[in-house]
file coords.pdb (PDB, C-alpha atoms, pLDDT in the B column)
ATOM      1  CA  MET A 614       0.000   0.000   0.000  1.00 49.00           C
ATOM      2  CA  ALA A 615       2.813   2.397   0.951  1.00 49.00           C
ATOM      3  CA  GLU A 616       4.668   1.543  -2.269  1.00 50.00           C
ATOM      4  CA  THR A 617       1.531   2.325  -4.289  1.00 49.00           C
ATOM      5  CA  LYS A 618       1.142   5.721  -2.588  1.00 50.00           C
ATOM      6  CA  GLU A 619       4.835   6.530  -3.171  1.00 50.00           C
ATOM      7  CA  PHE A 620       4.415   5.703  -6.864  1.00 45.00           C
ATOM      8  CA  GLU A 621       1.276   7.852  -7.109  1.00 48.00           C
ATOM      9  CA  ASP A 622       3.002  10.786  -5.377  1.00 51.00           C
ATOM     10  CA  ARG A 623       5.969  10.592  -7.721  1.00 56.00           C
ATOM     11  CA  LYS A 624       5.498  13.387 -10.229  1.00 68.00           C
ATOM     12  CA  ILE A 625       6.332  12.737 -13.857  1.00 72.00           C
ATOM     13  CA  PRO A 626       8.139  15.799 -15.273  1.00 79.00           C
ATOM     14  CA  SER A 627       6.220  17.673 -17.942  1.00 89.00           C
ATOM     15  CA  ARG A 628       7.674  18.236 -21.397  1.00 89.00           C
ATOM     16  CA  GLU A 629       8.394  21.855 -20.491  1.00 92.00           C
ATOM     17  CA  GLU A 630      10.176  20.853 -17.282  1.00 94.00           C
ATOM     18  CA  VAL A 631      12.401  18.397 -19.140  1.00 94.00           C
ATOM     19  CA  ARG A 632      13.077  21.024 -21.799  1.00 94.00           C
ATOM     20  CA  GLU A 633      14.122  23.545 -19.138  1.00 96.00           C
ATOM     21  CA  LYS A 634      16.407  20.969 -17.531  1.00 96.00           C
ATOM     22  CA  LEU A 635      18.038  20.323 -20.896  1.00 96.00           C
ATOM     23  CA  ILE A 636      18.654  24.044 -21.426  1.00 97.00           C
ATOM     24  CA  ALA A 637      20.066  24.378 -17.895  1.00 97.00           C
ATOM     25  CA  ALA A 638      22.358  21.387 -18.454  1.00 97.00           C
ATOM     26  CA  THR A 639      23.516  22.888 -21.754  1.00 98.00           C
ATOM     27  CA  LEU A 640      24.288  26.208 -20.061  1.00 98.00           C
ATOM     28  CA  GLU A 641      26.325  24.402 -17.418  1.00 98.00           C
ATOM     29  CA  THR A 642      28.264  22.501 -20.076  1.00 98.00           C
ATOM     30  CA  LEU A 643      28.917  25.664 -22.085  1.00 98.00           C
ATOM     31  CA  GLU A 644      30.197  27.354 -18.925  1.00 98.00           C
ATOM     32  CA  GLU A 645      32.668  24.560 -18.255  1.00 97.00           C
ATOM     33  CA  ALA A 646      33.648  23.292 -21.697  1.00 96.00           C
ATOM     34  CA  GLY A 647      32.233  25.540 -24.411  1.00 96.00           C
ATOM     35  CA  VAL A 648      30.429  24.412 -27.559  1.00 95.00           C
ATOM     36  CA  SER A 649      32.794  21.503 -28.203  1.00 94.00           C
ATOM     37  CA  GLY A 650      31.793  19.946 -24.879  1.00 96.00           C
ATOM     38  CA  VAL A 651      28.067  19.757 -25.619  1.00 96.00           C
ATOM     39  CA  ARG A 652      27.063  16.162 -26.436  1.00 96.00           C
ATOM     40  CA  ALA A 653      23.535  14.825 -26.699  1.00 95.00           C
ATOM     41  CA  ARG A 654      24.271  11.604 -24.826  1.00 96.00           C
ATOM     42  CA  ASP A 655      25.884  13.423 -21.883  1.00 96.00           C
ATOM     43  CA  LEU A 656      23.024  15.917 -21.653  1.00 96.00           C
ATOM     44  CA  ALA A 657      20.414  13.174 -21.742  1.00 95.00           C
ATOM     45  CA  LYS A 658      22.234  11.288 -19.001  1.00 95.00           C
ATOM     46  CA  SER A 659      22.504  14.344 -16.743  1.00 94.00           C
ATOM     47  CA  VAL A 660      18.804  15.131 -17.123  1.00 95.00           C
ATOM     48  CA  GLY A 661      17.649  11.516 -16.954  1.00 93.00           C
ATOM     49  CA  CYS A 662      15.982  11.218 -20.335  1.00 93.00           C
ATOM     50  CA  ALA A 663      16.545   9.397 -23.601  1.00 93.00           C
ATOM     51  CA  VAL A 664      18.671  10.983 -26.322  1.00 94.00           C
ATOM     52  CA  GLY A 665      15.627  10.962 -28.582  1.00 94.00           C
ATOM     53  CA  THR A 666      13.814  13.199 -26.102  1.00 94.00           C
ATOM     54  CA  ILE A 667      16.169  16.050 -26.989  1.00 93.00           C
ATOM     55  CA  TYR A 668      15.157  15.880 -30.624  1.00 91.00           C
ATOM     56  CA  ASN A 669      11.471  15.512 -29.758  1.00 93.00           C
ATOM     57  CA  LEU A 670      11.382  18.486 -27.383  1.00 93.00           C
ATOM     58  CA  VAL A 671      13.850  20.884 -28.974  1.00 91.00           C
ATOM     59  CA  GLY A 672      15.053  19.786 -32.389  1.00 86.00           C
ATOM     60  CA  ASP A 673      18.693  19.082 -33.047  1.00 89.00           C
ATOM     61  CA  LEU A 674      21.669  19.823 -30.806  1.00 92.00           C
ATOM     62  CA  ASP A 675      22.352  23.132 -32.561  1.00 91.00           C
ATOM     63  CA  ASP A 676      18.839  24.286 -31.652  1.00 90.00           C
ATOM     64  CA  LEU A 677      19.441  23.405 -28.014  1.00 93.00           C
ATOM     65  CA  ILE A 678      22.737  25.311 -27.968  1.00 94.00           C
ATOM     66  CA  LEU A 679      21.028  28.291 -29.621  1.00 91.00           C
ATOM     67  CA  LEU A 680      18.331  28.283 -26.926  1.00 92.00           C
ATOM     68  CA  ALA A 681      21.019  28.207 -24.245  1.00 95.00           C
ATOM     69  CA  CYS A 682      22.880  31.056 -25.952  1.00 93.00           C
ATOM     70  CA  ALA A 683      19.660  33.082 -26.048  1.00 90.00           C
ATOM     71  CA  ARG A 684      19.426  32.634 -22.265  1.00 94.00           C
ATOM     72  CA  THR A 685      23.040  33.791 -21.928  1.00 95.00           C
ATOM     73  CA  LEU A 686      22.264  36.845 -24.042  1.00 91.00           C
ATOM     74  CA  ASP A 687      19.262  37.638 -21.822  1.00 92.00           C
ATOM     75  CA  GLU A 688      21.453  37.290 -18.745  1.00 95.00           C
ATOM     76  CA  PHE A 689      24.032  39.651 -20.218  1.00 95.00           C
ATOM     77  CA  LYS A 690      21.326  42.095 -21.292  1.00 92.00           C
ATOM     78  CA  ASP A 691      20.013  42.321 -17.711  1.00 94.00           C
ATOM     79  CA  PHE A 692      23.585  42.706 -16.427  1.00 96.00           C
ATOM     80  CA  ALA A 693      24.403  45.469 -18.929  1.00 94.00           C
ATOM     81  CA  ILE A 694      21.130  47.334 -18.367  1.00 92.00           C
ATOM     82  CA  ALA A 695      21.752  47.306 -14.606  1.00 96.00           C
ATOM     83  CA  ARG A 696      25.176  48.912 -15.184  1.00 96.00           C
ATOM     84  CA  TYR A 697      23.645  51.387 -17.638  1.00 94.00           C
ATOM     85  CA  GLU A 698      20.859  52.401 -15.231  1.00 95.00           C
ATOM     86  CA  GLN A 699      23.377  52.777 -12.413  1.00 97.00           C
ATOM     87  CA  ALA A 700      25.425  55.139 -14.587  1.00 96.00           C
ATOM     88  CA  LYS A 701      22.303  57.106 -15.567  1.00 94.00           C
ATOM     89  CA  ARG A 702      21.371  57.613 -11.913  1.00 96.00           C
ATOM     90  CA  ALA A 703      24.850  59.056 -11.383  1.00 97.00           C
ATOM     91  CA  ASN A 704      24.185  61.595 -14.194  1.00 96.00           C
ATOM     92  CA  ALA A 705      26.804  59.993 -16.421  1.00 95.00           C
ATOM     93  CA  THR A 706      27.911  61.667 -19.623  1.00 93.00           C
ATOM     94  CA  GLN A 707      27.354  60.029 -22.998  1.00 93.00           C
ATOM     95  CA  ARG A 708      30.929  58.709 -22.968  1.00 93.00           C
ATOM     96  CA  GLU A 709      30.457  57.336 -19.453  1.00 95.00           C
ATOM     97  CA  LEU A 710      27.246  55.563 -20.461  1.00 94.00           C
ATOM     98  CA  ILE A 711      28.962  53.884 -23.402  1.00 94.00           C
ATOM     99  CA  THR A 712      31.878  53.039 -21.113  1.00 95.00           C
ATOM    100  CA  ALA A 713      29.473  51.470 -18.605  1.00 96.00           C
ATOM    101  CA  LEU A 714      28.093  49.214 -21.352  1.00 95.00           C
ATOM    102  CA  ALA A 715      31.589  48.365 -22.603  1.00 95.00           C
ATOM    103  CA  GLY A 716      32.697  47.611 -19.051  1.00 96.00           C
ATOM    104  CA  ALA A 717      29.686  45.355 -18.554  1.00 96.00           C
ATOM    105  CA  TYR A 718      30.654  43.496 -21.715  1.00 95.00           C
ATOM    106  CA  ILE A 719      34.246  43.024 -20.556  1.00 95.00           C
ATOM    107  CA  ASP A 720      33.226  41.866 -17.076  1.00 96.00           C
ATOM    108  CA  PHE A 721      30.571  39.424 -18.281  1.00 97.00           C
ATOM    109  CA  ALA A 722      32.799  37.980 -20.999  1.00 94.00           C
ATOM    110  CA  ALA A 723      35.628  37.516 -18.501  1.00 93.00           C
ATOM    111  CA  ALA A 724      33.365  35.838 -15.928  1.00 95.00           C
ATOM    112  CA  HIS A 725      31.724  33.489 -18.455  1.00 96.00           C
ATOM    113  CA  LYS A 726      34.386  33.225 -21.132  1.00 93.00           C
ATOM    114  CA  LYS A 727      33.513  29.856 -22.703  1.00 94.00           C
ATOM    115  CA  ARG A 728      29.756  30.304 -22.393  1.00 96.00           C
ATOM    116  CA  TRP A 729      29.911  33.804 -23.863  1.00 94.00           C
ATOM    117  CA  GLN A 730      32.180  32.730 -26.708  1.00 92.00           C
ATOM    118  CA  ALA A 731      29.575  30.122 -27.625  1.00 93.00           C
ATOM    119  CA  ASN A 732      27.355  32.957 -28.854  1.00 90.00           C
ATOM    120  CA  PHE A 733      29.829  33.504 -31.676  1.00 88.00           C
ATOM    121  CA  GLU A 734      30.489  29.849 -32.498  1.00 89.00           C
ATOM    122  CA  ILE A 735      26.961  28.481 -32.848  1.00 84.00           C
ATOM    123  CA  SER A 736      25.419  27.127 -36.031  1.00 77.00           C
ATOM    124  CA  PHE A 737      21.865  28.224 -36.735  1.00 74.00           C
ATOM    125  CA  ASP A 738      19.063  28.413 -39.245  1.00 74.00           C
ATOM    126  CA  GLU A 739      18.116  32.078 -39.679  1.00 78.00           C
ATOM    127  CA  HIS A 740      14.529  31.070 -40.450  1.00 77.00           C
ATOM    128  CA  SER A 741      13.987  29.064 -37.266  1.00 77.00           C
ATOM    129  CA  ASP A 742      11.862  30.357 -34.382  1.00 77.00           C
ATOM    130  CA  TYR A 743      14.796  29.749 -32.049  1.00 77.00           C
ATOM    131  CA  PHE A 744      17.021  32.058 -34.066  1.00 81.00           C
ATOM    132  CA  GLN A 745      14.341  34.755 -34.079  1.00 82.00           C
ATOM    133  CA  THR A 746      14.242  34.615 -30.272  1.00 80.00           C
ATOM    134  CA  TYR A 747      18.024  34.927 -30.160  1.00 82.00           C
ATOM    135  CA  ALA A 748      18.067  37.758 -32.709  1.00 85.00           C
ATOM    136  CA  GLU A 749      15.461  39.739 -30.755  1.00 86.00           C
ATOM    137  CA  GLY A 750      17.799  39.769 -27.758  1.00 83.00           C
ATOM    138  CA  GLN A 751      20.594  41.199 -29.903  1.00 86.00           C
ATOM    139  CA  VAL A 752      18.306  43.890 -31.314  1.00 90.00           C
ATOM    140  CA  GLN A 753      17.308  45.013 -27.814  1.00 89.00           C
ATOM    141  CA  LEU A 754      20.954  45.430 -26.833  1.00 87.00           C
ATOM    142  CA  LEU A 755      21.818  47.337 -29.999  1.00 92.00           C
ATOM    143  CA  ASN A 756      18.818  49.622 -29.512  1.00 93.00           C
ATOM    144  CA  ILE A 757      20.159  50.592 -26.081  1.00 90.00           C
ATOM    145  CA  ILE A 758      23.533  51.507 -27.592  1.00 92.00           C
ATOM    146  CA  ALA A 759      21.835  53.428 -30.418  1.00 94.00           C
ATOM    147  CA  SER A 760      19.728  55.374 -27.899  1.00 93.00           C
ATOM    148  CA  VAL A 761      22.891  56.519 -26.094  1.00 92.00           C
ATOM    149  CA  LEU A 762      24.558  57.522 -29.367  1.00 94.00           C
ATOM    150  CA  LYS A 763      21.455  59.509 -30.296  1.00 94.00           C
ATOM    151  CA  GLN A 764      21.792  61.827 -27.283  1.00 90.00           C
ATOM    152  CA  GLU A 765      24.320  64.131 -28.921  1.00 87.00           C
ATOM    153  CA  ALA A 766      24.191  62.943 -32.531  1.00 91.00           C
ATOM    154  CA  VAL A 767      23.585  65.564 -35.203  1.00 91.00           C
ATOM    155  CA  GLY A 768      21.760  64.814 -38.443  1.00 91.00           C
ATOM    156  CA  ARG A 769      21.803  61.031 -38.062  1.00 93.00           C
ATOM    157  CA  SER A 770      18.937  58.664 -38.797  1.00 94.00           C
ATOM    158  CA  ASP A 771      17.918  55.890 -36.413  1.00 94.00           C
ATOM    159  CA  LYS A 772      19.115  53.410 -39.030  1.00 94.00           C
ATOM    160  CA  GLU A 773      22.592  54.962 -39.103  1.00 95.00           C
ATOM    161  CA  LEU A 774      22.790  55.072 -35.303  1.00 95.00           C
ATOM    162  CA  TYR A 775      21.749  51.419 -35.093  1.00 95.00           C
ATOM    163  CA  ALA A 776      24.451  50.479 -37.614  1.00 96.00           C
ATOM    164  CA  THR A 777      27.004  52.500 -35.654  1.00 95.00           C
ATOM    165  CA  GLY A 778      25.923  50.761 -32.453  1.00 94.00           C
ATOM    166  CA  ARG A 779      26.411  47.397 -34.126  1.00 95.00           C
ATOM    167  CA  ALA A 780      29.914  48.424 -35.226  1.00 95.00           C
ATOM    168  CA  LEU A 781      30.787  49.499 -31.671  1.00 94.00           C
ATOM    169  CA  TRP A 782      29.401  46.222 -30.313  1.00 92.00           C
ATOM    170  CA  ALA A 783      31.589  44.269 -32.735  1.00 93.00           C
ATOM    171  CA  SER A 784      34.629  46.389 -31.873  1.00 95.00           C
ATOM    172  CA  VAL A 785      34.251  45.959 -28.112  1.00 94.00           C
ATOM    173  CA  HIS A 786      33.732  42.224 -28.606  1.00 92.00           C
ATOM    174  CA  GLY A 787      36.837  41.892 -30.771  1.00 92.00           C
ATOM    175  CA  ILE A 788      39.037  43.934 -28.450  1.00 94.00           C
ATOM    176  CA  SER A 789      37.763  42.116 -25.351  1.00 92.00           C
ATOM    177  CA  MET A 790      38.069  38.574 -26.665  1.00 89.00           C
ATOM    178  CA  LEU A 791      41.509  39.149 -28.207  1.00 88.00           C
ATOM    179  CA  ALA A 792      42.733  40.722 -24.972  1.00 88.00           C
ATOM    180  CA  MET A 793      41.552  37.707 -22.981  1.00 85.00           C
ATOM    181  CA  SER A 794      42.521  34.958 -25.424  1.00 81.00           C
ATOM    182  CA  ASN A 795      46.291  34.972 -24.896  1.00 72.00           C
ATOM    183  CA  PRO A 796      47.037  33.142 -21.612  1.00 70.00           C
ATOM    184  CA  SER A 797      50.588  34.490 -21.508  1.00 68.00           C
ATOM    185  CA  HIS A 798      49.543  38.122 -21.870  1.00 70.00           C
ATOM    186  CA  ILE A 799      46.009  38.765 -20.590  1.00 76.00           C
ATOM    187  CA  LEU A 800      45.372  42.503 -20.345  1.00 85.00           C
ATOM    188  CA  PRO A 801      43.846  43.995 -17.187  1.00 90.00           C
ATOM    189  CA  ARG A 802      40.353  45.478 -17.386  1.00 91.00           C
ATOM    190  CA  GLU A 803      41.498  49.114 -17.498  1.00 93.00           C
ATOM    191  CA  LYS A 804      43.814  48.396 -20.447  1.00 93.00           C
ATOM    192  CA  ILE A 805      40.996  46.718 -22.358  1.00 94.00           C
ATOM    193  CA  LEU A 806      38.748  49.732 -21.717  1.00 95.00           C
ATOM    194  CA  GLU A 807      41.563  52.022 -22.841  1.00 95.00           C
ATOM    195  CA  GLN A 808      41.684  50.185 -26.170  1.00 95.00           C
ATOM    196  CA  CYS A 809      37.890  50.334 -26.463  1.00 96.00           C
ATOM    197  CA  HIS A 810      38.030  54.113 -26.021  1.00 96.00           C
ATOM    198  CA  ARG A 811      40.274  54.332 -29.090  1.00 96.00           C
ATOM    199  CA  ILE A 812      37.171  53.279 -31.026  1.00 95.00           C
ATOM    200  CA  ILE A 813      34.436  54.805 -28.871  1.00 95.00           C
ATOM    201  CA  ASP A 814      35.815  58.359 -28.629  1.00 96.00           C
ATOM    202  CA  PRO A 815      36.250  59.015 -32.380  1.00 95.00           C
ATOM    203  CA  VAL A 816      32.777  57.583 -33.047  1.00 94.00           C
ATOM    204  CA  ILE A 817      31.155  59.875 -30.476  1.00 94.00           C
ATOM    205  CA  GLN A 818      33.034  62.893 -31.843  1.00 94.00           C
ATOM    206  CA  SER A 819      32.086  62.114 -35.441  1.00 93.00           C
ATOM    207  CA  LEU A 820      28.390  61.886 -34.550  1.00 93.00           C
ATOM    208  CA  ARG A 821      28.465  65.412 -33.117  1.00 88.00           C
ATOM    209  CA  VAL A 822      29.336  66.876 -36.527  1.00 88.00           C
ATOM    210  CA  MET A 823      26.799  67.388 -39.301  1.00 78.00           C
ATOM    211  CA  PRO A 824      27.460  64.837 -42.095  1.00 79.00           C
ATOM    212  CA  SER A 825      27.697  67.552 -44.769  1.00 65.00           C
ATOM    213  CA  VAL A 826      30.147  69.596 -42.676  1.00 52.00           C
ATOM    214  CA  ARG A 827      32.243  66.548 -41.910  1.00 50.00           C
ATOM    215  CA  ALA A 828      32.343  65.528 -45.582  1.00 50.00           C
ATOM    216  CA  SER A 829      33.548  68.956 -46.737  1.00 49.00           C
ATOM    217  CA  ALA A 830      36.158  69.314 -43.991  1.00 49.00           C
TER     218      ALA A 830
END

call {"tool": "encode", "arguments": {"input": "coords.pdb", "output": "structure tokens"}}
result
Amino acid sequence: MAETKEFEDRKIPSREEVREKLIAATLETLEEAGVSGVRARDLAKSVGCAVGTIYNLVGDLDDLILLACARTLDEFKDFAIARYEQAKRANATQRELITALAGAYIDFAAAHKKRWQANFEISFDEHSDYFQTYAEGQVQLLNIIASVLKQEAVGRSDKELYATGRALWASVHGISMLAMSNPSHILPREKILEQCHRIIDPVIQSLRVMPSVRASA
């Protein structure tokens, strides 16, 4: 009788619960080993499901990694926005706001190096719903950067500011990852920010000049 009650009380995980466990296990693997360490059999074993369950609930392994990367992007977005809002409350200048976002990028990438790098190593289908979810997170981040650039920009369209924000994002990423990728010569945070300012400062200055004036100068 007691065995029957124990069996009845034992809850069978829902599809969504198993899916969430798979994403969590993927995030943990990415944190420790990066994309190359993610294997379907290992994930299934850690969650307690069959390998086929991964494909039934998510799709292929690339889809699962993309979902995990979207979660990482959301985590970074919250982290960066918190830094940005903190700087705003301190009446930060435009340069200081951009620096706060760049600093957030450096700190997050350094704390979660392999998991963050996975965002730039994943394979994806641009037409999949999973990719759209991931892309929306990127757009939100770039819109924040564009909104800061707009504060003192002269004669620039939203489209141009968004493109400039994307270029800054790529520059900060490249500088940060290169600075942290050489084990024998890892740069300290302030040196990485110093290099980022070599890109940020000229961009800010150029946006404060009317395009026609700048072109004729």

call {"tool": "residues_around", "arguments": {"input": "coords.pdb", "residues": "stretch 641-654 of chain A", "least_positions_apart": "6", "cutoff": "6 Å", "atoms": "all atoms listed in the file", "output": "list in words"}}
result
Val664, Lys727, Arg728 and Ala731 of chain A

call {"tool": "resolve_selection", "arguments": {"input": "coords.pdb", "expression": "the PyMOL selection byres ((chain A and resi 747) around 10)", "output": "VMD selection string"}}
result
chain A and resid 679 to 687 732 739 742 to 746 748 to 752

call {"tool": "closest_atom_pairs", "arguments": {"input": "coords.pdb", "of": "stretch 710-729 of chain A", "to": "stretch 768-778 of chain A", "cutoff": "12 Å", "atoms": "only C-alpha atoms", "output": "JSON lines"}}
result
{"residue": "A:Ile711", "atom": "CA", "partner": "A:Gly778", "partner_atom": "CA", "distance": 10.0}
{"residue": "A:Leu714", "atom": "CA", "partner": "A:Gly778", "partner_atom": "CA", "distance": 11.4}
{"residue": "A:Ala715", "atom": "CA", "partner": "A:Gly778", "partner_atom": "CA", "distance": 11.6}

call {"tool": "closest_residue", "arguments": {"input": "coords.pdb", "among": "A:Gly672, A:Gln707, A:Arg802, A:Ser784", "to": "A:Ala724", "atoms": "only C-alpha atoms"}}
result
A:Arg802

call {"tool": "atom_distance", "arguments": {"input": "coords.pdb", "atom1": "atom CA of A:Pro626", "atom2": "atom CA of A:Val671"}}
result
15.7 Å

call {"tool": "atom_distance", "arguments": {"input": "coords.pdb", "atom1": "atom CA of A:Gly661", "atom2": "atom CA of A:Trp729"}}
result
26.4 Å

call {"tool": "closest_residue", "arguments": {"input": "coords.pdb", "among": "A:Ala722, A:Leu806, A:Cys662, A:Val761", "to": "A:Glu698", "atoms": "all atoms listed in the file"}}
result
A:Val761

call {"tool": "residues_around", "arguments": {"input": "coords.pdb", "residues": "A:Leu710", "least_positions_apart": "2", "cutoff": "12 Å", "atoms": "only C-alpha atoms", "output": "ChimeraX atom specification"}}
result
/A:693-708,712-717,757-762,764,813,817

call {"tool": "axis_aligned_box", "arguments": {"input": "coords.pdb", "around": "stretch 770-777 of chain A", "padding_each_side": "5 Å", "output": "JSON"}}
result
{"center_x": 22.5, "center_y": 54.6, "center_z": -37.1, "size_x": 19.1, "size_y": 18.2, "size_z": 14.0}

call {"tool": "build_atoms", "arguments": {"input": "coords.pdb", "residues": "stretch 715-732 of chain A", "atoms": "N, CA and C atoms", "output": "tab-separated table (two decimals), in the frame of the given file"}}
result
chain	number	residue	atom	x	y	z
A	715	ALA	N	30.37	49.08	-22.20
A	715	ALA	CA	31.59	48.36	-22.60
A	715	ALA	C	32.19	47.62	-21.42
A	716	GLY	N	32.19	48.26	-20.26
A	716	GLY	CA	32.70	47.61	-19.05
A	716	GLY	C	31.88	46.39	-18.67
A	717	ALA	N	30.56	46.50	-18.83
A	717	ALA	CA	29.69	45.36	-18.55
A	717	ALA	C	30.03	44.20	-19.49
A	718	TYR	N	30.29	44.53	-20.74
A	718	TYR	CA	30.65	43.50	-21.72
A	718	TYR	C	31.94	42.79	-21.29
A	719	ILE	N	32.95	43.58	-20.95
A	719	ILE	CA	34.25	43.02	-20.56
A	719	ILE	C	34.10	42.13	-19.33
A	720	ASP	N	33.37	42.61	-18.33
A	720	ASP	CA	33.23	41.87	-17.08
A	720	ASP	C	32.46	40.57	-17.28
A	721	PHE	N	31.37	40.63	-18.06
A	721	PHE	CA	30.57	39.42	-18.28
A	721	PHE	C	31.35	38.41	-19.10
A	722	ALA	N	32.02	38.88	-20.15
A	722	ALA	CA	32.80	37.98	-21.00
A	722	ALA	C	33.93	37.32	-20.22
A	723	ALA	N	34.54	38.07	-19.30
A	723	ALA	CA	35.63	37.52	-18.50
A	723	ALA	C	35.12	36.49	-17.50
A	724	ALA	N	33.93	36.74	-16.94
A	724	ALA	CA	33.36	35.84	-15.93
A	724	ALA	C	32.79	34.56	-16.54
A	725	HIS	N	32.37	34.64	-17.80
A	725	HIS	CA	31.72	33.49	-18.45
A	725	HIS	C	32.34	33.28	-19.84
A	726	LYS	N	33.65	33.19	-19.86
A	726	LYS	CA	34.39	33.22	-21.13
A	726	LYS	C	33.91	32.18	-22.14
A	727	LYS	N	33.87	30.91	-21.75
A	727	LYS	CA	33.51	29.86	-22.70
A	727	LYS	C	32.04	29.93	-23.09
A	728	ARG	N	31.19	30.22	-22.10
A	728	ARG	CA	29.76	30.30	-22.39
A	728	ARG	C	29.46	31.51	-23.27
A	729	TRP	N	30.13	32.62	-23.04
A	729	TRP	CA	29.91	33.80	-23.86
A	729	TRP	C	30.44	33.60	-25.28
A	730	GLN	N	31.60	32.98	-25.40
A	730	GLN	CA	32.18	32.73	-26.71
A	730	GLN	C	31.28	31.85	-27.55
A	731	ALA	N	30.49	31.01	-26.90
A	731	ALA	CA	29.58	30.12	-27.62
A	731	ALA	C	28.60	30.90	-28.49
A	732	ASN	N	28.28	32.13	-28.07
A	732	ASN	CA	27.36	32.96	-28.85
A	732	ASN	C	27.90	33.28	-30.24
